[in-house]
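Undergrad: What follows is a structure written as structure tokens; I'll ask about it next.
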Amino acid sequence: MGLWIYLNGEYVSEEEAKISVFDHGFLYGDGVFEGIRAYGGKVFKLEEHLKRLYDSARAIALKIPLSKEEMKGKVLETLRRNKLKDAYIRLVVSRGKGDLGLDPLKCPHPEVIIIAHKISIYPKELYEKGLEVVVVSTRRNIPSALDPCVKSLNYLNNILAKIEANYKGVPEAIMLNKDGYVAECTGDNVFIVKNKVLITPPTWVGILKGITRDVVIHLARKEGISVREEVFTPAELYASDECFLTGTAAEVIPVTRVDGRIIGEGKVGEITKKLIRQFRRLTQTEGTPIYESQGG
Ligand code: PMP
């Protein structure tokens, strides 16, 4: 049996889940989205993801036609309808159907779509061996043009970086900001460890404020690891002792090679290992229950 998709107030089959070719999400990337995970029957950091979705929508003057509480109910109900316990949830709000012009005033009805699906993740061995990544030439969008803290449907900046990574035959790309400081990856935040201090770029560099990033910062501080939100350059990245990426889909994944340089000793470092363990533990214990809830 196929998937049940939430589409503007109804649960429809995958085949019936269609949007207009005049939808401005499709025509212009005008909309916002979230990627959320459920682990063992609980949705991880649901409130935080909903908050970011509604903040992103406000930043682009998009009024979501459901309250946060209603949206939460719909997310949980979508998981129940698909009998999922471990899943990746994609929540999309697009500007909706308009005409062929840009003007959002011509789009009176935003579209709300929730897709819950089985998650496809990096192979297990990459969490043990680490990824190879490259620093790409595509710079992250400058915040004064399109702020990366808005999780919009307009991901072409990231896709161009991904294309560069594909050409180099590696799974992720590290993007710099306009000044040449490390910003983030195409779908993940970046951390390094130097002299036992955990360092990640501050949000003003022009990055998405990742929810996994926040969780990892919190976990590290709880472990007594000192954490700094500080800019660093590719050269400092090459000379780091450990490096890892964080994101809802990738979770915490080590990086052991950047632009051909071996990071640390070429194996997963101790601080990274500890944070992977703590992160996994948290995803198994915390979250909004899917099946006990009355929402929907
Ligand atoms: N940066 C970008 C550009 C992303 O798309 C994502 C994934 N949503 C992240 C960072 C990581 O954010 P999160 O931990 O909230 O998934």
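By order of appearance in the structure tokens: chains A, B, ..., then residues from 1 within every chain, and ligands from 1 in the order shown.
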Please provide the set of residues having any atom within 8 Å of range 199-203 of chain A, restricted to only C-alpha atoms, with same-chain residues fewer than 6 positions apart removed, written as a PyMOL selection string.

TA: chain A and resi 149+182-184+190-193+209+227-232

Undergrad: Counting only C-alpha atoms and all ligand atoms, which residues in chain A sit no more than 8 Å from ligand 1? For each one, give the nearest pair of atoms and the distance in Å, sorted by chain then residue number, as JSON lines.

TA:
```
{"residue": "A:Glu34", "atom": "CA", "partner": "ligand 1", "partner_atom_place_in_ligand_line": "8 (N)", "distance": 6.6}
{"residue": "A:Gly35", "atom": "CA", "partner": "ligand 1", "partner_atom_place_in_ligand_line": "8 (N)", "distance": 6.0}
{"residue": "A:Ile36", "atom": "CA", "partner": "ligand 1", "partner_atom_place_in_ligand_line": "16 (O)", "distance": 7.3}
{"residue": "A:His49", "atom": "CA", "partner": "ligand 1", "partner_atom_place_in_ligand_line": "15 (O)", "distance": 7.2}
{"residue": "A:Pro148", "atom": "CA", "partner": "ligand 1", "partner_atom_place_in_ligand_line": "3 (C)", "distance": 7.0}
{"residue": "A:Lys151", "atom": "CA", "partner": "ligand 1", "partner_atom_place_in_ligand_line": "5 (O)", "distance": 7.1}
{"residue": "A:Asn158", "atom": "CA", "partner": "ligand 1", "partner_atom_place_in_ligand_line": "3 (C)", "distance": 6.8}
{"residue": "A:Glu184", "atom": "CA", "partner": "ligand 1", "partner_atom_place_in_ligand_line": "1 (N)", "distance": 6.1}
{"residue": "A:Cys185", "atom": "CA", "partner": "ligand 1", "partner_atom_place_in_ligand_line": "1 (N)", "distance": 6.1}
{"residue": "A:Thr186", "atom": "CA", "partner": "ligand 1", "partner_atom_place_in_ligand_line": "3 (C)", "distance": 5.0}
{"residue": "A:Gly187", "atom": "CA", "partner": "ligand 1", "partner_atom_place_in_ligand_line": "4 (C)", "distance": 3.5}
{"residue": "A:Asp188", "atom": "CA", "partner": "ligand 1", "partner_atom_place_in_ligand_line": "10 (C)", "distance": 3.7}
{"residue": "A:Asn189", "atom": "CA", "partner": "ligand 1", "partner_atom_place_in_ligand_line": "10 (C)", "distance": 4.6}
{"residue": "A:Ile207", "atom": "CA", "partner": "ligand 1", "partner_atom_place_in_ligand_line": "1 (N)", "distance": 6.3}
{"residue": "A:Leu208", "atom": "CA", "partner": "ligand 1", "partner_atom_place_in_ligand_line": "1 (N)", "distance": 4.7}
{"residue": "A:Lys209", "atom": "CA", "partner": "ligand 1", "partner_atom_place_in_ligand_line": "12 (O)", "distance": 6.5}
{"residue": "A:Gly210", "atom": "CA", "partner": "ligand 1", "partner_atom_place_in_ligand_line": "12 (O)", "distance": 3.4}
{"residue": "A:Ile211", "atom": "CA", "partner": "ligand 1", "partner_atom_place_in_ligand_line": "15 (O)", "distance": 3.7}
{"residue": "A:Thr212", "atom": "CA", "partner": "ligand 1", "partner_atom_place_in_ligand_line": "14 (O)", "distance": 3.6}
{"residue": "A:Arg213", "atom": "CA", "partner": "ligand 1", "partner_atom_place_in_ligand_line": "14 (O)", "distance": 5.5}
{"residue": "A:Asp214", "atom": "CA", "partner": "ligand 1", "partner_atom_place_in_ligand_line": "14 (O)", "distance": 7.7}
{"residue": "A:Thr246", "atom": "CA", "partner": "ligand 1", "partner_atom_place_in_ligand_line": "14 (O)", "distance": 5.8}
{"residue": "A:Gly247", "atom": "CA", "partner": "ligand 1", "partner_atom_place_in_ligand_line": "14 (O)", "distance": 3.5}
{"residue": "A:Thr248", "atom": "CA", "partner": "ligand 1", "partner_atom_place_in_ligand_line": "16 (O)", "distance": 3.6}
{"residue": "A:Ala249", "atom": "CA", "partner": "ligand 1", "partner_atom_place_in_ligand_line": "16 (O)", "distance": 6.5}
{"residue": "A:Glu251", "atom": "CA", "partner": "ligand 1", "partner_atom_place_in_ligand_line": "14 (O)", "distance": 7.5}
```

Undergrad: Would you mind listing what lies within 8 Å of range 152-157 of chain A as a list in words, with only C-alpha atoms counted and same-chain residues fewer than 4 positions away left out?

TA: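 With the cut-off at 8 Å, the set is Gly25, Tyr28, Gly29, Asp30, Gly31, Val32, Phe33, Ser56, Ser94, Thr138, Arg139, Arg140, Asn141 and Ala161 of chain A.
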
Undergrad: Just asking: which residues within range 116-253 of chain A are helix (DSSP H, G or I) according to DSSP, as a ChimeraX atom specification?

TA: /A:124-129,156-168,203-205,211-222,234-238

Undergrad: From the options A:Lys97, A:Lys106, A:Lys124, A:Arg257, which residue's atoms come nearest to Ile174 in chain A, counting only C-alpha atoms?

TA: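 Among the listed residues, A:Arg257 lies closest to Ile174 in chain A.
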
Undergrad: Select, from A:Glu14, A:Glu223, A:Asp23, A:Glu128, the residue with the minimum atom-to-atom distance to Val252 in chain A, counting only C-alpha atoms.

TA: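 Comparing A:Glu14, A:Glu223, A:Asp23, A:Glu128 against Val252 in chain A, the winner is A:Glu128.
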
Undergrad: Excluding Glu132 in chain A and any residue of its chain fewer than 4 positions from it, enumerate the residues within 9 Å of it, using only C-alpha atoms, and give them as number ranges by chain.

TA: A: 170-172, 255-260

Undergrad: Pick from A:Ser226, A:Ser137, A:Thr283, A:Ser144: nearest to Val205 in chain A, with only C-alpha atoms counted?

TA: A:Ser144

Undergrad: I'd like the neighbourhood of Ser20 in chain A as a short mmCIF file (atom, residue, chain, number, x, y, z; two decimals) with C-alpha atoms, in the first residue's frame, where a residue qualifies if any of its atoms comes within 10 Å (using only C-alpha atoms), though same-chain residues fewer than 5 positions away should be ignored.

TA:
```cif
data_model
loop_
_atom_site.label_atom_id
_atom_site.label_comp_id
_atom_site.auth_asym_id
_atom_site.auth_seq_id
_atom_site.Cartn_x
_atom_site.Cartn_y
_atom_site.Cartn_z
CA GLY A 25 6.49 26.86 -4.53
CA PHE A 26 6.99 25.06 -7.84
CA LEU A 27 7.37 28.13 -10.07
CA GLY A 96 0.14 28.34 -3.21
CA LYS A 97 -1.48 28.80 -6.57
CA GLY A 98 -1.09 32.18 -8.25
CA GLU A 111 -0.53 24.84 0.42
#
```

Undergrad: Counting only C-alpha atoms, which residue out of A:Gly73, A:His117, A:Ile64, A:Glu242 sits closest to Tyr88 in chain A?

TA: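 Closest to Tyr88 in chain A of all the choices is A:His117.
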
Undergrad: Which residue gives the smallest distance to Ala235 in chain A among A:Tyr122, A:Tyr181, A:Tyr11, A:Tyr167, with only C-alpha atoms counted?

TA: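 With only C-alpha atoms as the atom set, the closest residue is A:Tyr181.
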
Undergrad: Residues of range 62-237 of chain A classed as strand (DSSP E) by DSSP on the backbone are to be reported as number ranges by chain.

TA: A: 87-94, 111-117, 131-135, 172-176, 182-185, 189-194, 197-200, 226-229

Undergrad: Taking only C-alpha atoms into account, name the residue in A:Leu160, A:Ile113, A:Ile119, A:Val21 that is nearest to Tyr39 in chain A.

TA: A:Ile119

Undergrad: Work out how far CA of Arg95 in chain A is from CA of Trp204 in chain A, in Å to one decimal.

TA: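 Pair CA of Trp204 in chain A / CA of Arg95 in chain A returns 26.9 Å.
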
Undergrad: Figure out the distance between CA of Ala87 in chain A and CA of Glu15 in chain A, please, to one decimal in Å.

TA: 20.0 Å

Undergrad: Identify, on the basis of only C-alpha atoms, every residue whose closest approach to Lys63 in chain A does not exceed 9 Å; exclude the query and any residue fewer than 5 positions from it along the same chain; express the result as a ChimeraX atom specification.

TA: /A:54,57-58,95,110
